[in-house]
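input.tsv follows (TSV, C-alpha atoms):
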```
chain	number	residue	atom	x	y	z
G	20	MET	CA	219.27	-133.99	57.18
G	21	PRO	CA	217.68	-137.38	57.54
G	22	GLY	CA	216.91	-138.46	61.05
G	23	GLN	CA	216.88	-134.95	62.47
G	24	GLN	CA	213.96	-134.34	64.78
G	25	PHE	CA	212.43	-130.99	65.57
G	26	GLU	CA	210.67	-129.99	68.74
G	27	TYR	CA	207.85	-127.59	68.09
G	28	ASP	CA	206.68	-125.12	70.68
G	29	GLU	CA	203.04	-126.12	70.87
G	30	ARG	CA	202.26	-124.00	73.93
G	31	GLY	CA	203.88	-120.83	72.56
G	32	SER	CA	206.26	-120.36	75.47
G	33	THR	CA	209.20	-119.19	73.35
G	34	PHE	CA	207.04	-116.50	71.80
G	35	TYR	CA	207.39	-114.38	74.94
G	36	TYR	CA	211.19	-114.54	74.74
G	37	PHE	CA	211.08	-113.46	71.11
G	38	LEU	CA	208.60	-110.68	71.87
G	39	ALA	CA	210.63	-109.40	74.84
G	40	SER	CA	213.87	-109.32	72.85
G	41	PHE	CA	212.24	-107.56	69.90
G	42	TYR	CA	210.46	-105.10	72.19
G	43	ALA	CA	213.71	-104.30	74.02
G	44	PHE	CA	215.53	-104.00	70.69
G	45	VAL	CA	213.05	-101.30	69.66
G	46	LEU	CA	212.49	-99.65	73.05
G	47	LEU	CA	216.11	-99.04	74.06
G	48	PRO	CA	217.05	-96.86	71.05
G	49	LEU	CA	213.70	-95.06	71.19
G	50	THR	CA	214.26	-94.23	74.84
G	51	TYR	CA	217.74	-92.96	74.15
G	52	TYR	CA	216.57	-90.89	71.18
G	53	PHE	CA	213.40	-89.42	72.67
G	54	TRP	CA	214.47	-88.94	76.28
G	55	PRO	CA	214.08	-85.20	76.85
G	56	ARG	CA	217.42	-83.45	77.39
G	57	GLU	CA	216.57	-79.98	76.19
G	58	LYS	CA	216.16	-78.43	79.65
G	59	GLU	CA	219.78	-79.21	80.46
G	60	ARG	CA	220.87	-77.42	77.29
G	61	GLU	CA	218.67	-74.45	78.15
G	62	ARG	CA	220.10	-74.23	81.69
G	63	ASN	CA	223.64	-74.31	80.38
G	64	SER	CA	222.92	-71.77	77.68
G	65	ASP	CA	221.37	-69.24	80.12
G	66	VAL	CA	224.84	-68.10	81.06
G	67	LYS	CA	225.66	-67.26	77.45
G	68	ARG	CA	222.46	-65.33	76.74
G	69	CYS	CA	222.16	-61.62	76.81
G	70	ARG	CA	220.08	-60.21	79.68
G	71	CYS	CA	219.00	-56.96	78.08
G	72	GLU	CA	215.29	-56.17	77.80
G	73	PRO	CA	214.91	-56.66	74.00
G	74	CYS	CA	216.70	-60.04	74.14
G	75	ILE	CA	214.48	-61.22	77.00
G	76	GLN	CA	211.35	-60.18	75.04
G	77	LYS	CA	212.65	-61.94	71.94
G	78	GLU	CA	213.23	-65.14	73.96
G	79	ALA	CA	209.73	-64.92	75.49
G	80	ALA	CA	208.20	-64.50	72.02
G	81	ARG	CA	210.14	-67.52	70.77
G	82	ARG	CA	208.89	-69.63	73.67
G	83	SER	CA	205.28	-68.51	73.18
G	84	LYS	CA	205.38	-69.78	69.59
G	85	GLU	CA	205.98	-73.30	70.95
G	86	PRO	CA	203.14	-73.72	73.50
G	87	TYR	CA	202.82	-77.47	73.01
G	88	LYS	CA	206.47	-78.27	73.65
G	89	ASN	CA	205.90	-79.17	77.31
G	90	LEU	CA	202.80	-81.19	76.42
G	91	LYS	CA	204.78	-83.01	73.74
G	92	ARG	CA	207.53	-83.84	76.26
G	93	LYS	CA	204.97	-85.20	78.72
G	94	ILE	CA	203.33	-87.33	76.04
G	95	ILE	CA	206.70	-88.75	74.99
G	96	LYS	CA	207.59	-89.54	78.61
G	97	GLY	CA	204.19	-91.19	79.10
G	98	HIS	CA	204.59	-93.36	76.02
G	99	LEU	CA	208.09	-94.37	77.06
G	100	LEU	CA	206.83	-95.24	80.53
G	101	VAL	CA	204.00	-97.35	79.11
G	102	GLY	CA	206.48	-99.07	76.80
G	103	TRP	CA	208.83	-99.95	79.66
G	104	VAL	CA	205.95	-101.22	81.80
G	105	GLY	CA	204.86	-103.37	78.87
G	106	LEU	CA	208.37	-104.75	78.47
G	107	ILE	CA	208.53	-105.58	82.18
G	108	CYS	CA	205.17	-107.38	81.94
G	109	ILE	CA	206.35	-109.42	78.95
G	110	ILE	CA	209.58	-110.37	80.73
G	111	TYR	CA	207.60	-111.32	83.85
G	112	LYS	CA	205.32	-113.51	81.75
G	113	ALA	CA	208.30	-115.16	80.03
G	114	VAL	CA	210.05	-115.88	83.32
G	115	ASN	CA	206.97	-117.42	84.95
G	116	ILE	CA	206.20	-119.95	82.22
G	117	GLU	CA	205.88	-123.48	83.55
G	118	ILE	CA	208.69	-125.80	82.64
G	119	GLU	CA	207.24	-128.32	80.24
G	120	GLY	CA	210.15	-130.71	79.85
G	121	ALA	CA	209.44	-132.76	82.98
G	122	GLU	CA	210.85	-136.28	82.87
G	123	TYR	CA	208.37	-138.97	81.98
G	124	ASP	CA	208.42	-141.68	84.63
G	125	PRO	CA	205.89	-144.48	84.00
G	126	TYR	CA	206.69	-146.04	87.40
G	127	ALA	CA	205.59	-142.87	89.18
G	128	ILE	CA	202.31	-142.84	87.26
G	129	LEU	CA	201.66	-146.46	88.25
G	130	ASN	CA	202.75	-145.75	91.86
G	131	LEU	CA	205.52	-148.36	91.68
G	132	ASP	CA	209.19	-148.58	92.52
G	133	SER	CA	211.54	-148.51	89.52
G	134	SER	CA	212.71	-152.04	90.39
G	135	ALA	CA	209.20	-153.54	90.12
G	136	THR	CA	208.78	-156.84	88.31
G	137	LEU	CA	206.57	-157.40	85.30
G	138	ALA	CA	203.97	-159.19	87.42
G	139	GLU	CA	203.79	-156.26	89.86
G	140	ILE	CA	203.40	-153.83	86.96
G	141	LYS	CA	200.53	-155.86	85.48
G	142	LYS	CA	198.81	-156.13	88.86
G	143	GLN	CA	199.07	-152.40	89.53
G	144	TYR	CA	197.90	-151.56	85.99
G	145	ARG	CA	194.79	-153.71	86.37
G	146	LYS	CA	194.02	-152.17	89.76
G	147	LEU	CA	194.44	-148.57	88.57
G	148	SER	CA	192.62	-149.14	85.29
G	149	MET	CA	189.62	-150.50	87.21
G	150	GLU	CA	189.59	-147.42	89.46
G	151	HIS	CA	190.07	-144.80	86.76
G	152	HIS	CA	188.23	-146.32	83.80
G	153	PRO	CA	185.92	-143.71	82.22
G	154	ASP	CA	183.01	-146.16	81.98
G	155	ARG	CA	183.16	-146.64	85.75
G	156	GLY	CA	183.17	-142.96	86.63
G	157	GLY	CA	186.91	-142.38	86.48
G	158	ASP	CA	188.91	-139.65	84.82
G	159	SER	CA	189.68	-140.37	81.17
G	160	LYS	CA	192.92	-138.35	81.16
G	161	VAL	CA	194.28	-140.30	84.12
G	162	PHE	CA	193.22	-143.56	82.45
G	163	VAL	CA	195.08	-142.64	79.25
G	164	ALA	CA	198.18	-141.76	81.27
G	165	ILE	CA	197.99	-145.11	83.08
G	166	ALA	CA	197.62	-147.00	79.78
G	167	LYS	CA	200.61	-145.19	78.27
G	168	ALA	CA	202.68	-145.86	81.38
G	169	TYR	CA	201.81	-149.55	81.20
G	170	GLN	CA	202.80	-149.72	77.53
G	171	ALA	CA	206.09	-148.03	78.27
```
If you took the structure in this file and wrote it as structure tokens, what would it be?
Amino acid sequence: MPGQQFEYDERGSTFYYFLASFYAFVLLPLTYYFWPREKERERNSDVKRCRCEPCIQKEAARRSKEPYKNLKRKIIKGHLLVGWVGLICIIYKAVNIEIEGAEYDPYAILNLDSSATLAEIKKQYRKLSMEHHPDRGGDSKVFVAIAKAYQA
């Protein structure tokens, strides 16, 4: 469309919102899928198991064939915890981004009232440009801001 203007995110502040939403989109189903629930099933199934000696030995042999099951559960819990801490850090970073869309007020830069006349604006511009001129030991960024405010 002609005349349509785009605002680009030069500081990358919207990247954190995108990253947090994508991270949450991946982390929520993974947490639901990998959250260990097997102990609850084992507790409920204890009632249904036979308590005779051969059945108990058979169950012990089955459990000894899976020695890394508890380690695997701990590793999964650790990874999920690290993932959630990472998501919280990303959200914290996204929330604490400085607001960049502050209103541009040339009168505030020139230390003038908004009802100042053209003569007052010129006088204040000359005074501030003398103080902040880079050749006279002033700050060049402040001088550029003063010049832009005067032109506006």
May I ask for the distance between atom CA of Ser32 of chain G and atom CA of Ile116 of chain G, given in Å to one decimal place?
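Here the two named atoms are 6.8 Å from each other.
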Within 9 Å of (193.9, -147.0, 85.4) (coordinates as in the file), grab all the protein and nucleic acid residues, counting all atoms listed in the file, and write them out as a list of chain:residue names.
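Counting all atoms listed in the file, I find these residues within 9 Å of (193.9, -147.0, 85.4): G:Leu129, G:Gln143, G:Tyr144, G:Arg145, G:Lys146, G:Leu147, G:Ser148, G:Met149, G:Glu150, G:His151, G:His152, G:Gly157, G:Asp158, G:Ser159, G:Val161, G:Phe162, G:Val163, G:Ala164, G:Ile165, G:Ala166.
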Quick one: residues within 7 Å of segment 93-107 of chain G, all atoms listed in the file, excluding same-chain residues fewer than 3 positions away - as a PyMOL selection string?
chain G and resi 39+42-43+50+89-90+110-111
Quick one: residues within 12 Å of Gly31 of chain G, all atoms listed in the file, excluding same-chain residues fewer than 6 positions away - as a tab-separated table (two decimals) with C-alpha atoms, in the frame of the given file?
```
chain	number	residue	atom	x	y	z
G	37	PHE	CA	211.08	-113.46	71.11
G	38	LEU	CA	208.60	-110.68	71.87
G	112	LYS	CA	205.32	-113.51	81.75
G	113	ALA	CA	208.30	-115.16	80.03
G	116	ILE	CA	206.20	-119.95	82.22
G	117	GLU	CA	205.88	-123.48	83.55
G	119	GLU	CA	207.24	-128.32	80.24
```
Quick one, how far is atom CA of Lys160 of chain G from atom CA of Ile128 of chain G?
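Value for the atom CA of Lys160 of chain G-atom CA of Ile128 of chain G distance: 12.1 Å.
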Selection near segment 123-127 of chain G, 8 Å with only C-alpha atoms, sequence-local residues under 5 positions removed, as a tab-separated table (two decimals) with C-alpha atoms, keeping the file's coordinate frame:
```tsv
chain	number	residue	atom	x	y	z
G	132	ASP	CA	209.19	-148.58	92.52
G	133	SER	CA	211.54	-148.51	89.52
G	165	ILE	CA	197.99	-145.11	83.08
G	167	LYS	CA	200.61	-145.19	78.27
G	168	ALA	CA	202.68	-145.86	81.38
G	169	TYR	CA	201.81	-149.55	81.20
G	171	ALA	CA	206.09	-148.03	78.27
```
Atom CA of Glu72 of chain G to atom CA of Lys84 of chain G, distance in Å rounded to a single decimal
18.7 Å
Among listed residues G:Ala79, G:Asp154, G:Arg68, G:Trp54, nearest Arg92 of chain G (using only C-alpha atoms)
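Among the listed residues, G:Trp54 lies closest to Arg92 of chain G.
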